[in-house]
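A.B. asks: My structure is stored as work.pdb, with PDB, C-alpha atoms and all ligand atoms.
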```
ATOM      1  CA  MET R   1       0.000   0.000   0.000  1.00  0.00           C
ATOM      2  CA  PRO R   2       1.394   3.452  -0.691  1.00  0.00           C
ATOM      3  CA  ALA R   3       2.036   5.696   2.294  1.00  0.00           C
ATOM      4  CA  SER R   4      -1.237   7.566   1.755  1.00  0.00           C
ATOM      5  CA  ALA R   5      -3.325   4.381   1.926  1.00  0.00           C
ATOM      6  CA  LYS R   6      -1.400   3.193   4.976  1.00  0.00           C
ATOM      7  CA  ALA R   7      -1.987   6.518   6.720  1.00  0.00           C
ATOM      8  CA  ASP R   8      -5.659   6.386   5.767  1.00  0.00           C
ATOM      9  CA  ALA R   9      -5.935   2.922   7.258  1.00  0.00           C
ATOM     10  CA  HIS R  10      -5.048   4.441  10.574  1.00  0.00           C
ATOM     11  CA  GLY R  11      -7.143   7.558  10.192  1.00  0.00           C
ATOM     12  CA  GLY R  12      -4.031   9.747  10.177  1.00  0.00           C
ATOM     13  CA  GLY R  13      -2.936   8.702  13.649  1.00  0.00           C
ATOM     14  CA  GLY R  14      -6.175   7.955  15.455  1.00  0.00           C
ATOM     15  CA  GLU R  15      -8.328   4.843  15.578  1.00  0.00           C
ATOM     16  CA  ALA R  16      -7.509   2.250  12.890  1.00  0.00           C
ATOM     17  CA  ARG R  17      -9.969   2.116  10.030  1.00  0.00           C
ATOM     18  CA  CYS R  18     -10.150  -1.078   8.027  1.00  0.00           C
ATOM     19  CA  ARG R  19     -10.403  -0.670   4.247  1.00  0.00           C
ATOM     20  CA  LEU R  20     -11.278  -2.788   1.248  1.00  0.00           C
ATOM     21  CA  TYR R  21      -8.508  -4.293  -0.905  1.00  0.00           C
ATOM     22  CA  LEU R  22      -9.886  -5.586  -4.184  1.00  0.00           C
ATOM     23  CA  ILE R  23      -8.285  -8.355  -6.241  1.00  0.00           C
ATOM     24  CA  THR R  24      -9.290  -8.873  -9.878  1.00  0.00           C
ATOM     25  CA  PRO R  25     -11.165 -11.941 -11.057  1.00  0.00           C
ATOM     26  CA  PRO R  26      -8.790 -14.760 -12.099  1.00  0.00           C
ATOM     27  CA  ALA R  27      -9.421 -14.151 -15.824  1.00  0.00           C
ATOM     28  CA  LEU R  28     -10.627 -11.062 -17.646  1.00  0.00           C
ATOM     29  CA  ASP R  29     -10.740  -9.213 -20.930  1.00  0.00           C
ATOM     30  CA  PRO R  30      -9.094  -5.871 -20.056  1.00  0.00           C
ATOM     31  CA  ALA R  31     -11.115  -3.599 -22.359  1.00  0.00           C
ATOM     32  CA  ARG R  32     -14.429  -5.100 -21.252  1.00  0.00           C
ATOM     33  CA  PHE R  33     -13.432  -5.310 -17.608  1.00  0.00           C
ATOM     34  CA  ALA R  34     -12.302  -1.655 -17.443  1.00  0.00           C
ATOM     35  CA  ASP R  35     -15.894  -0.368 -17.301  1.00  0.00           C
ATOM     36  CA  ASP R  36     -16.916  -2.834 -14.590  1.00  0.00           C
ATOM     37  CA  LEU R  37     -13.831  -1.902 -12.651  1.00  0.00           C
ATOM     38  CA  GLY R  38     -14.499   1.820 -12.903  1.00  0.00           C
ATOM     39  CA  ARG R  39     -18.055   1.343 -11.680  1.00  0.00           C
ATOM     40  CA  ALA R  40     -16.903  -0.856  -8.802  1.00  0.00           C
ATOM     41  CA  LEU R  41     -14.236   1.606  -7.696  1.00  0.00           C
ATOM     42  CA  ASP R  42     -16.711   4.494  -7.938  1.00  0.00           C
ATOM     43  CA  ALA R  43     -19.168   2.674  -5.685  1.00  0.00           C
ATOM     44  CA  GLY R  44     -17.273   3.142  -2.449  1.00  0.00           C
ATOM     45  CA  ASP R  45     -13.970   3.208  -0.634  1.00  0.00           C
ATOM     46  CA  VAL R  46     -11.336   0.891  -2.127  1.00  0.00           C
ATOM     47  CA  ALA R  47      -7.738   1.270  -0.961  1.00  0.00           C
ATOM     48  CA  ALA R  48      -6.021  -0.976  -3.474  1.00  0.00           C
ATOM     49  CA  LEU R  49      -6.548  -3.139  -6.517  1.00  0.00           C
ATOM     50  CA  GLN R  50      -4.356  -6.168  -7.160  1.00  0.00           C
ATOM     51  CA  LEU R  51      -4.089  -7.460 -10.721  1.00  0.00           C
ATOM     52  CA  ARG R  52      -3.981 -11.238 -10.319  1.00  0.00           C
ATOM     53  CA  LEU R  53      -4.003 -13.131 -13.613  1.00  0.00           C
ATOM     54  CA  LYS R  54      -2.234 -16.399 -12.888  1.00  0.00           C
ATOM     55  CA  ASP R  55      -2.517 -17.750 -16.453  1.00  0.00           C
ATOM     56  CA  ALA R  56      -1.440 -14.637 -18.342  1.00  0.00           C
ATOM     57  CA  ASP R  57       1.920 -14.353 -20.110  1.00  0.00           C
ATOM     58  CA  ASP R  58       3.993 -11.176 -19.983  1.00  0.00           C
ATOM     59  CA  ASP R  59       2.404  -9.630 -23.081  1.00  0.00           C
ATOM     60  CA  ALA R  60      -1.092 -10.209 -21.764  1.00  0.00           C
ATOM     61  CA  LEU R  61      -0.110  -8.851 -18.364  1.00  0.00           C
ATOM     62  CA  ARG R  62       1.366  -5.719 -19.922  1.00  0.00           C
ATOM     63  CA  ARG R  63      -1.802  -5.151 -21.970  1.00  0.00           C
ATOM     64  CA  ALA R  64      -3.983  -5.587 -18.884  1.00  0.00           C
ATOM     65  CA  ILE R  65      -1.791  -3.242 -16.862  1.00  0.00           C
ATOM     66  CA  ASP R  66      -1.869  -0.582 -19.595  1.00  0.00           C
ATOM     67  CA  VAL R  67      -5.666  -0.616 -19.620  1.00  0.00           C
ATOM     68  CA  LEU R  68      -6.468  -1.119 -15.934  1.00  0.00           C
ATOM     69  CA  ARG R  69      -3.715   0.781 -14.120  1.00  0.00           C
ATOM     70  CA  PRO R  70      -5.049   4.204 -15.180  1.00  0.00           C
ATOM     71  CA  VAL R  71      -8.570   3.243 -14.098  1.00  0.00           C
ATOM     72  CA  ALA R  72      -7.335   2.590 -10.576  1.00  0.00           C
ATOM     73  CA  GLN R  73      -4.724   5.318 -10.304  1.00  0.00           C
ATOM     74  CA  ALA R  74      -7.110   8.006 -11.605  1.00  0.00           C
ATOM     75  CA  ARG R  75      -9.240   7.201  -8.555  1.00  0.00           C
ATOM     76  CA  LYS R  76      -6.276   7.177  -6.168  1.00  0.00           C
ATOM     77  CA  VAL R  77      -6.593   3.418  -5.748  1.00  0.00           C
ATOM     78  CA  ALA R  78      -3.149   1.775  -5.445  1.00  0.00           C
ATOM     79  CA  PHE R  79      -2.536  -0.572  -8.367  1.00  0.00           C
ATOM     80  CA  LEU R  80      -0.564  -3.639  -7.254  1.00  0.00           C
ATOM     81  CA  LEU R  81       0.645  -6.528  -9.388  1.00  0.00           C
ATOM     82  CA  ASN R  82       0.497 -10.115  -8.199  1.00  0.00           C
ATOM     83  CA  ASP R  83       3.713 -12.177  -8.209  1.00  0.00           C
ATOM     84  CA  ARG R  84       5.947  -9.834 -10.256  1.00  0.00           C
ATOM     85  CA  ALA R  85       7.974  -7.033  -8.702  1.00  0.00           C
ATOM     86  CA  ASP R  86      10.060  -6.676 -11.892  1.00  0.00           C
ATOM     87  CA  LEU R  87       7.069  -6.089 -14.143  1.00  0.00           C
ATOM     88  CA  ALA R  88       5.442  -3.843 -11.546  1.00  0.00           C
ATOM     89  CA  VAL R  89       8.422  -1.487 -11.736  1.00  0.00           C
ATOM     90  CA  GLN R  90       8.662  -1.613 -15.534  1.00  0.00           C
ATOM     91  CA  THR R  91       4.980  -0.802 -16.025  1.00  0.00           C
ATOM     92  CA  GLY R  92       4.377   1.906 -13.426  1.00  0.00           C
ATOM     93  CA  CYS R  93       2.414  -0.139 -10.928  1.00  0.00           C
ATOM     94  CA  ASP R  94       2.277   1.103  -7.338  1.00  0.00           C
ATOM     95  CA  GLY R  95       3.698  -2.132  -6.007  1.00  0.00           C
ATOM     96  CA  ALA R  96       3.642  -5.916  -6.003  1.00  0.00           C
ATOM     97  CA  HIS R  97       2.229  -8.703  -3.876  1.00  0.00           C
ATOM     98  CA  LEU R  98       4.501 -11.723  -3.447  1.00  0.00           C
ATOM     99  CA  GLY R  99       3.847 -15.126  -1.960  1.00  0.00           C
ATOM    100  CA  GLN R 100       6.287 -17.434  -0.249  1.00  0.00           C
ATOM    101  CA  THR R 101       7.313 -19.031  -3.567  1.00  0.00           C
ATOM    102  CA  ASP R 102       7.435 -15.857  -5.675  1.00  0.00           C
ATOM    103  CA  GLY R 103      11.151 -15.142  -5.332  1.00  0.00           C
ATOM    104  CA  SER R 104      13.275 -13.250  -2.863  1.00  0.00           C
ATOM    105  CA  HIS R 105      11.340 -10.690  -0.846  1.00  0.00           C
ATOM    106  CA  ALA R 106      14.549  -8.819  -0.079  1.00  0.00           C
ATOM    107  CA  ALA R 107      15.391  -8.561  -3.788  1.00  0.00           C
ATOM    108  CA  ALA R 108      11.861  -7.395  -4.516  1.00  0.00           C
ATOM    109  CA  ARG R 109      12.138  -4.733  -1.802  1.00  0.00           C
ATOM    110  CA  LYS R 110      15.298  -3.452  -3.462  1.00  0.00           C
ATOM    111  CA  LEU R 111      13.745  -3.492  -6.919  1.00  0.00           C
ATOM    112  CA  LEU R 112      10.586  -1.712  -5.793  1.00  0.00           C
ATOM    113  CA  GLY R 113      12.512   0.954  -3.917  1.00  0.00           C
ATOM    114  CA  PRO R 114      11.132   2.898  -0.981  1.00  0.00           C
ATOM    115  CA  ASP R 115       8.101   4.376  -2.733  1.00  0.00           C
ATOM    116  CA  ARG R 116       6.421   1.302  -4.160  1.00  0.00           C
ATOM    117  CA  THR R 117       4.480  -1.134  -1.996  1.00  0.00           C
ATOM    118  CA  LEU R 118       5.635  -4.654  -1.208  1.00  0.00           C
ATOM    119  CA  GLY R 119       3.012  -7.002   0.203  1.00  0.00           C
ATOM    120  CA  VAL R 120       3.862 -10.512   1.365  1.00  0.00           C
ATOM    121  CA  THR R 121       1.684 -13.581   1.921  1.00  0.00           C
ATOM    122  CA  CYS R 122       2.278 -15.012   5.386  1.00  0.00           C
ATOM    123  CA  HIS R 123      -0.470 -17.673   5.503  1.00  0.00           C
ATOM    124  CA  GLY R 124      -1.253 -18.336   9.181  1.00  0.00           C
ATOM    125  CA  SER R 125       2.295 -17.844  10.409  1.00  0.00           C
ATOM    126  CA  ARG R 126       3.656 -15.390  12.957  1.00  0.00           C
ATOM    127  CA  HIS R 127       7.166 -16.369  11.913  1.00  0.00           C
ATOM    128  CA  LEU R 128       6.638 -15.610   8.204  1.00  0.00           C
ATOM    129  CA  ALA R 129       5.051 -12.305   9.102  1.00  0.00           C
ATOM    130  CA  MET R 130       7.970 -11.237  11.280  1.00  0.00           C
ATOM    131  CA  GLU R 131      10.375 -12.251   8.501  1.00  0.00           C
ATOM    132  CA  ALA R 132       8.384 -10.174   6.017  1.00  0.00           C
ATOM    133  CA  GLY R 133       8.567  -7.226   8.378  1.00  0.00           C
ATOM    134  CA  GLU R 134      12.310  -7.637   8.683  1.00  0.00           C
ATOM    135  CA  VAL R 135      12.869  -7.468   4.919  1.00  0.00           C
ATOM    136  CA  GLY R 136      10.780  -4.305   4.719  1.00  0.00           C
ATOM    137  CA  ALA R 137       7.368  -5.441   3.540  1.00  0.00           C
ATOM    138  CA  ASP R 138       4.732  -2.699   3.631  1.00  0.00           C
ATOM    139  CA  TYR R 139       2.034  -5.119   4.695  1.00  0.00           C
ATOM    140  CA  VAL R 140       1.650  -8.753   5.639  1.00  0.00           C
ATOM    141  CA  ALA R 141      -1.272 -10.852   4.401  1.00  0.00           C
ATOM    142  CA  PHE R 142      -2.844 -13.621   6.475  1.00  0.00           C
ATOM    143  CA  GLY R 143      -5.240 -16.283   5.168  1.00  0.00           C
ATOM    144  CA  ALA R 144      -7.238 -18.150   4.316  1.00  0.00           C
ATOM    145  CA  PHE R 145      -9.779 -17.228   6.993  1.00  0.00           C
ATOM    146  CA  PHE R 146     -12.760 -18.932   5.339  1.00  0.00           C
ATOM    147  CA  PRO R 147     -13.307 -21.520   2.608  1.00  0.00           C
ATOM    148  CA  THR R 148     -12.863 -20.015  -0.843  1.00  0.00           C
ATOM    149  CA  SER R 149     -13.714 -21.170  -4.334  1.00  0.00           C
ATOM    150  CA  THR R 150     -11.357 -18.657  -5.980  1.00  0.00           C
ATOM    151  CA  LYS R 151      -8.223 -20.636  -5.241  1.00  0.00           C
ATOM    152  CA  ALA R 152      -7.166 -23.994  -3.798  1.00  0.00           C
ATOM    153  CA  VAL R 153      -5.644 -22.949  -0.478  1.00  0.00           C
ATOM    154  CA  GLU R 154      -3.319 -25.062   1.649  1.00  0.00           C
ATOM    155  CA  HIS R 155      -3.088 -22.798   4.671  1.00  0.00           C
ATOM    156  CA  LYS R 156      -5.573 -21.462   7.162  1.00  0.00           C
ATOM    157  CA  ALA R 157      -5.415 -18.460   9.452  1.00  0.00           C
ATOM    158  CA  GLU R 158      -7.212 -17.794  12.713  1.00  0.00           C
ATOM    159  CA  VAL R 159      -8.735 -14.543  13.878  1.00  0.00           C
ATOM    160  CA  GLY R 160      -6.436 -14.529  16.919  1.00  0.00           C
ATOM    161  CA  LEU R 161      -3.463 -14.015  14.607  1.00  0.00           C
ATOM    162  CA  LEU R 162      -4.861 -10.640  13.539  1.00  0.00           C
ATOM    163  CA  GLU R 163      -5.363  -9.663  17.185  1.00  0.00           C
ATOM    164  CA  TRP R 164      -1.821 -10.654  18.093  1.00  0.00           C
ATOM    165  CA  TRP R 165      -0.271  -8.978  15.070  1.00  0.00           C
ATOM    166  CA  SER R 166      -2.081  -5.698  15.450  1.00  0.00           C
ATOM    167  CA  GLU R 167      -1.287  -5.519  19.168  1.00  0.00           C
ATOM    168  CA  MET R 168       2.402  -6.275  18.609  1.00  0.00           C
ATOM    169  CA  PHE R 169       3.219  -4.429  15.374  1.00  0.00           C
ATOM    170  CA  GLU R 170       2.440  -1.209  13.532  1.00  0.00           C
ATOM    171  CA  LEU R 171       2.909  -2.832  10.129  1.00  0.00           C
ATOM    172  CA  PRO R 172      -0.497  -3.123   8.433  1.00  0.00           C
ATOM    173  CA  CYS R 173      -2.052  -6.560   8.019  1.00  0.00           C
ATOM    174  CA  VAL R 174      -4.383  -7.806   5.303  1.00  0.00           C
ATOM    175  CA  ALA R 175      -6.901 -10.592   5.805  1.00  0.00           C
ATOM    176  CA  ILE R 176      -7.840 -12.775   2.830  1.00  0.00           C
ATOM    177  CA  GLY R 177      -9.732 -15.921   1.894  1.00  0.00           C
ATOM    178  CA  GLY R 178     -13.491 -16.355   1.549  1.00  0.00           C
ATOM    179  CA  ILE R 179     -14.257 -12.992   3.112  1.00  0.00           C
ATOM    180  CA  THR R 180     -17.756 -11.617   2.566  1.00  0.00           C
ATOM    181  CA  ALA R 181     -19.912  -8.823   3.928  1.00  0.00           C
ATOM    182  CA  GLU R 182     -21.634 -11.434   6.072  1.00  0.00           C
ATOM    183  CA  ASN R 183     -18.551 -12.939   7.745  1.00  0.00           C
ATOM    184  CA  CYS R 184     -16.033 -10.075   7.893  1.00  0.00           C
ATOM    185  CA  ALA R 185     -16.982  -8.382  11.177  1.00  0.00           C
ATOM    186  CA  PRO R 186     -14.735 -10.507  13.463  1.00  0.00           C
ATOM    187  CA  LEU R 187     -11.729  -9.800  11.209  1.00  0.00           C
ATOM    188  CA  VAL R 188     -12.328  -6.067  11.344  1.00  0.00           C
ATOM    189  CA  ARG R 189     -12.779  -6.147  15.116  1.00  0.00           C
ATOM    190  CA  ALA R 190      -9.597  -8.234  15.463  1.00  0.00           C
ATOM    191  CA  GLY R 191      -7.563  -5.458  13.838  1.00  0.00           C
ATOM    192  CA  ALA R 192      -7.294  -6.233  10.102  1.00  0.00           C
ATOM    193  CA  ASP R 193      -6.191  -3.071   8.324  1.00  0.00           C
ATOM    194  CA  PHE R 194      -7.425  -4.309   4.953  1.00  0.00           C
ATOM    195  CA  LEU R 195      -9.813  -7.018   3.765  1.00  0.00           C
ATOM    196  CA  ALA R 196      -8.776  -8.525   0.429  1.00  0.00           C
ATOM    197  CA  VAL R 197     -11.598  -9.995  -1.617  1.00  0.00           C
ATOM    198  CA  VAL R 198     -12.349 -11.452  -5.022  1.00  0.00           C
ATOM    199  CA  GLY R 199     -15.683 -13.270  -4.968  1.00  0.00           C
ATOM    200  CA  ALA R 200     -17.484 -10.972  -2.526  1.00  0.00           C
ATOM    201  CA  VAL R 201     -17.303  -8.207  -5.105  1.00  0.00           C
ATOM    202  CA  TRP R 202     -17.045  -9.792  -8.564  1.00  0.00           C
ATOM    203  CA  ASN R 203     -19.600 -12.550  -7.826  1.00  0.00           C
ATOM    204  CA  HIS R 204     -22.042 -10.383  -5.890  1.00  0.00           C
ATOM    205  CA  PRO R 205     -25.584 -11.245  -7.091  1.00  0.00           C
ATOM    206  CA  GLU R 206     -26.375  -7.570  -7.722  1.00  0.00           C
ATOM    207  CA  GLY R 207     -23.069  -6.812  -9.433  1.00  0.00           C
ATOM    208  CA  PRO R 208     -19.630  -5.557  -8.413  1.00  0.00           C
ATOM    209  CA  ALA R 209     -20.715  -2.047  -7.405  1.00  0.00           C
ATOM    210  CA  ALA R 210     -23.228  -3.576  -4.975  1.00  0.00           C
ATOM    211  CA  GLY R 211     -20.439  -5.860  -3.758  1.00  0.00           C
ATOM    212  CA  VAL R 212     -18.211  -2.897  -2.923  1.00  0.00           C
ATOM    213  CA  ARG R 213     -21.073  -1.088  -1.189  1.00  0.00           C
ATOM    214  CA  ALA R 214     -21.916  -4.192   0.850  1.00  0.00           C
ATOM    215  CA  MET R 215     -18.290  -4.708   1.925  1.00  0.00           C
ATOM    216  CA  ASP R 216     -17.816  -1.044   2.830  1.00  0.00           C
ATOM    217  CA  ALA R 217     -21.040  -1.056   4.848  1.00  0.00           C
ATOM    218  CA  ALA R 218     -20.084  -4.271   6.657  1.00  0.00           C
ATOM    219  CA  ILE R 219     -16.657  -2.867   7.522  1.00  0.00           C
ATOM    220  CA  ALA R 220     -18.198   0.356   8.821  1.00  0.00           C
ATOM    221  CA  GLU R 221     -20.722  -1.543  10.958  1.00  0.00           C
ATOM    222  CA  ALA R 222     -18.282  -4.130  12.384  1.00  0.00           C
TER     223      ALA R 222
HETATM  224  C1  LIG Q   1      -3.500  -9.653  -0.441  1.00  0.00           C
HETATM  225  C2  LIG Q   1      -3.085 -11.007  -0.873  1.00  0.00           C
HETATM  226  N1  LIG Q   1      -2.839 -11.937   0.054  1.00  0.00           N
HETATM  227  C3  LIG Q   1      -2.457 -13.172  -0.306  1.00  0.00           C
HETATM  228  C4  LIG Q   1      -2.319 -13.486  -1.635  1.00  0.00           C
HETATM  229  C5  LIG Q   1      -1.849 -14.858  -2.062  1.00  0.00           C
HETATM  230  O1  LIG Q   1      -0.566 -14.774  -2.652  1.00  0.00           O
HETATM  231  P1  LIG Q   1       0.204 -16.123  -3.028  1.00  0.00           P
HETATM  232  O2  LIG Q   1       0.319 -16.960  -1.823  1.00  0.00           O
HETATM  233  O3  LIG Q   1       1.436 -15.776  -3.754  1.00  0.00           O
HETATM  234  O4  LIG Q   1      -0.797 -16.827  -4.028  1.00  0.00           O
HETATM  235  P2  LIG Q   1      -1.239 -16.300  -5.470  1.00  0.00           P
HETATM  236  O5  LIG Q   1      -2.142 -15.129  -5.279  1.00  0.00           O
HETATM  237  O6  LIG Q   1      -0.031 -15.907  -6.221  1.00  0.00           O
HETATM  238  O7  LIG Q   1      -1.968 -17.450  -6.068  1.00  0.00           O
HETATM  239  C6  LIG Q   1      -2.587 -12.494  -2.571  1.00  0.00           C
HETATM  240  N2  LIG Q   1      -2.474 -12.696  -3.901  1.00  0.00           N
HETATM  241  N3  LIG Q   1      -2.961 -11.259  -2.169  1.00  0.00           N
HETATM  242  C1  LIG Q   2      -5.656 -15.121  -3.818  1.00  0.00           C
HETATM  243  C2  LIG Q   2      -5.954 -15.757  -2.517  1.00  0.00           C
HETATM  244  N1  LIG Q   2      -4.975 -15.990  -1.595  1.00  0.00           N
HETATM  245  C3  LIG Q   2      -5.437 -16.584  -0.499  1.00  0.00           C
HETATM  246  C4  LIG Q   2      -4.600 -16.979   0.651  1.00  0.00           C
HETATM  247  O1  LIG Q   2      -5.135 -17.585   1.578  1.00  0.00           O
HETATM  248  O2  LIG Q   2      -3.424 -16.658   0.607  1.00  0.00           O
HETATM  249  S1  LIG Q   2      -7.107 -16.855  -0.557  1.00  0.00           S
HETATM  250  C5  LIG Q   2      -7.190 -16.169  -2.091  1.00  0.00           C
HETATM  251  C6  LIG Q   2      -8.470 -16.052  -2.851  1.00  0.00           C
HETATM  252  C7  LIG Q   2      -9.334 -14.927  -2.331  1.00  0.00           C
HETATM  253  O3  LIG Q   2     -10.505 -14.915  -3.071  1.00  0.00           O
HETATM  254  P1  LIG Q   2     -11.947 -14.845  -2.364  1.00  0.00           P
HETATM  255  O4  LIG Q   2     -12.078 -13.498  -1.760  1.00  0.00           O
HETATM  256  O5  LIG Q   2     -12.901 -15.032  -3.518  1.00  0.00           O
HETATM  257  O6  LIG Q   2     -12.030 -15.959  -1.389  1.00  0.00           O
HETATM  258 MG    MG Q   3       1.889 -15.477  -5.666  1.00  0.00          MG
END
```
Please render this file's structure as structure tokens.
Ligand SMILES: Cc1ncc(COP(=O)(O)OP(=O)(O)O)c(N)n1
Ligand SMILES: Cc1nc(C(=O)O)sc1CCOP(=O)(O)O
Ligand SMILES: [Mg+2]
C.D. replies:
Amino acid sequence: MPASAKADAHGGGGEARCRLYLITPPALDPARFADDLGRALDAGDVAALQLRLKDADDDALRRAIDVLRPVAQARKVAFLLNDRADLAVQTGCDGAHLGQTDGSHAAARKLLGPDRTLGVTCHGSRHLAMEAGEVGADYVAFGAFFPTSTKAVEHKAEVGLLEWWSEMFELPCVAIGGITAENCAPLVRAGADFLAVVGAVWNHPEGPAAGVRAMDAAIAEA
């Protein structure tokens, strides 16, 4: 998350305010998706958008970034790229999200420099999260909190991890995995700075804009 989003997450120094972190659907046609994305981002407060296209080659990723990055950045939504710090730098993304098998986090930190965001998947592990903090990650991501049909997950995370992390560390934490407007309240109350979602927005029965509104309302009411 860029510094502005991180500051916003903490209300500029007061009570922490959890925010929505949107991840793209697993496959998309950039030109068609751009309109849906714009409408979703205009529907409420979204701190960040992660482009996550696991099956796309570099050319397809570059095309998607060229089309979608301006849609997010024009709305002051941080545009993060999944898995690829190198491509994030080359294409003007605001940062990258790396997992535990996506290369060296320290090398990515160096490549991204101080101004771009580095996010790191830490599953349900205190140890991985502290390691990520030590190499200079801007946020740690814990999950999966709930069953998800978006991805086959091997790791689970418990709500208590969010409580422990947010009591011990200033570094923002993201919660991910099967999160919906209906089940997110305990995560918000436990101290998650961001809730990362795919299905809750893109598969919402009334459309993505309604999905963003529902998530924002649930976060506010938690
Ligand atoms: C915010 C956020 N948290 C976790 C992940 C998962 O990353 P990773 O473990 O590398 O798995 P893939 O997304 O690459 O399948 C994420 N993307 N975003
Ligand atoms: C990309 C991803 N990573 C996860 C993890 O646990 O690390 S869960 C997940 C999928 C999130 O999609 P949805 O909001 O539809 O469950
Ligand atoms: Mg990854």
A.B. asks: Taking the file as shown, find all residues satisfying the PyMOL selection byres (((not hetatm)) within 7 of (chain Q and resi 1)) and write them as a list in words.
C.D. replies: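 Selected by the PyMOL selection byres (((not hetatm)) within 7 of (chain Q and resi 1)) in this file: Arg52, Lys54, Asn82, Asp83, His97, Leu98, Gly99, Gln100, Thr101, Asp102, Val120, Thr121, Ala141, Phe142, Gly143, Val174, Ile176 and Ala196 of chain R.
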A.B. asks: Could you list, as number ranges by chain, all residues that come within 7 Å of ligand LIG 2 (chain Q)? Count all atoms listed in the file.
C.D. replies: R: 121, 123, 142-144, 147-151, 153, 155-156, 176-179, 196-200
A.B. asks: List the residues sitting within 10 Å of (7.1, -9.7, 4.0) in the file's frame, using only C-alpha atoms, as a compact mmCIF listing (two decimals) with C-alpha atoms, in the frame of the given file.
C.D. replies:
```
# COMPACT_ATOMS: atom_id res chain seq x y z
CA HIS R 97 2.23 -8.70 -3.88
CA LEU R 98 4.50 -11.72 -3.45
CA GLY R 99 3.85 -15.13 -1.96
CA GLN R 100 6.29 -17.43 -0.25
CA SER R 104 13.28 -13.25 -2.86
CA HIS R 105 11.34 -10.69 -0.85
CA ALA R 106 14.55 -8.82 -0.08
CA ARG R 109 12.14 -4.73 -1.80
CA LEU R 118 5.64 -4.65 -1.21
CA GLY R 119 3.01 -7.00 0.20
CA VAL R 120 3.86 -10.51 1.36
CA THR R 121 1.68 -13.58 1.92
CA CYS R 122 2.28 -15.01 5.39
CA LEU R 128 6.64 -15.61 8.20
CA ALA R 129 5.05 -12.30 9.10
CA MET R 130 7.97 -11.24 11.28
CA GLU R 131 10.38 -12.25 8.50
CA ALA R 132 8.38 -10.17 6.02
CA GLY R 133 8.57 -7.23 8.38
CA GLU R 134 12.31 -7.64 8.68
CA VAL R 135 12.87 -7.47 4.92
CA GLY R 136 10.78 -4.30 4.72
CA ALA R 137 7.37 -5.44 3.54
CA ASP R 138 4.73 -2.70 3.63
CA TYR R 139 2.03 -5.12 4.70
CA VAL R 140 1.65 -8.75 5.64
CA ALA R 141 -1.27 -10.85 4.40
```
A.B. asks: Can you give me, as a list in words, the residues this file yields under the PyMOL selection byres (((chain R and resi 164) around 12) and not hetatm)?
C.D. replies: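 So the PyMOL selection byres (((chain R and resi 164) around 12) and not hetatm), applied here, picks out Gly124, Ser125, Arg126, Ala129, Met130, Glu158, Val159, Gly160, Leu161, Leu162, Glu163, Trp165, Ser166, Glu167, Met168, Phe169, Glu170, Cys173, Ala190, Gly191 and Ala192 of chain R.
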A.B. asks: Store the residues of this selection in a file with C-alpha atoms, as a CSV table (one decimal), in the frame of the given file.
C.D. replies:
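Final file, out26.csv:
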```csv
chain,number,residue,atom,x,y,z
R,124,GLY,CA,-1.3,-18.3,9.2
R,125,SER,CA,2.3,-17.8,10.4
R,126,ARG,CA,3.7,-15.4,13.0
R,129,ALA,CA,5.1,-12.3,9.1
R,130,MET,CA,8.0,-11.2,11.3
R,158,GLU,CA,-7.2,-17.8,12.7
R,159,VAL,CA,-8.7,-14.5,13.9
R,160,GLY,CA,-6.4,-14.5,16.9
R,161,LEU,CA,-3.5,-14.0,14.6
R,162,LEU,CA,-4.9,-10.6,13.5
R,163,GLU,CA,-5.4,-9.7,17.2
R,165,TRP,CA,-0.3,-9.0,15.1
R,166,SER,CA,-2.1,-5.7,15.4
R,167,GLU,CA,-1.3,-5.5,19.2
R,168,MET,CA,2.4,-6.3,18.6
R,169,PHE,CA,3.2,-4.4,15.4
R,170,GLU,CA,2.4,-1.2,13.5
R,173,CYS,CA,-2.1,-6.6,8.0
R,190,ALA,CA,-9.6,-8.2,15.5
R,191,GLY,CA,-7.6,-5.5,13.8
R,192,ALA,CA,-7.3,-6.2,10.1
```
A.B. asks: Point out the residue among R:Lys110, R:Arg39, R:Arg189, R:His204 with the least atom-to-atom distance to Cys18 of chain R, counting only C-alpha atoms.
C.D. replies: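 Residue with the minimum atom-to-atom distance to Cys18 of chain R: R:Arg189.
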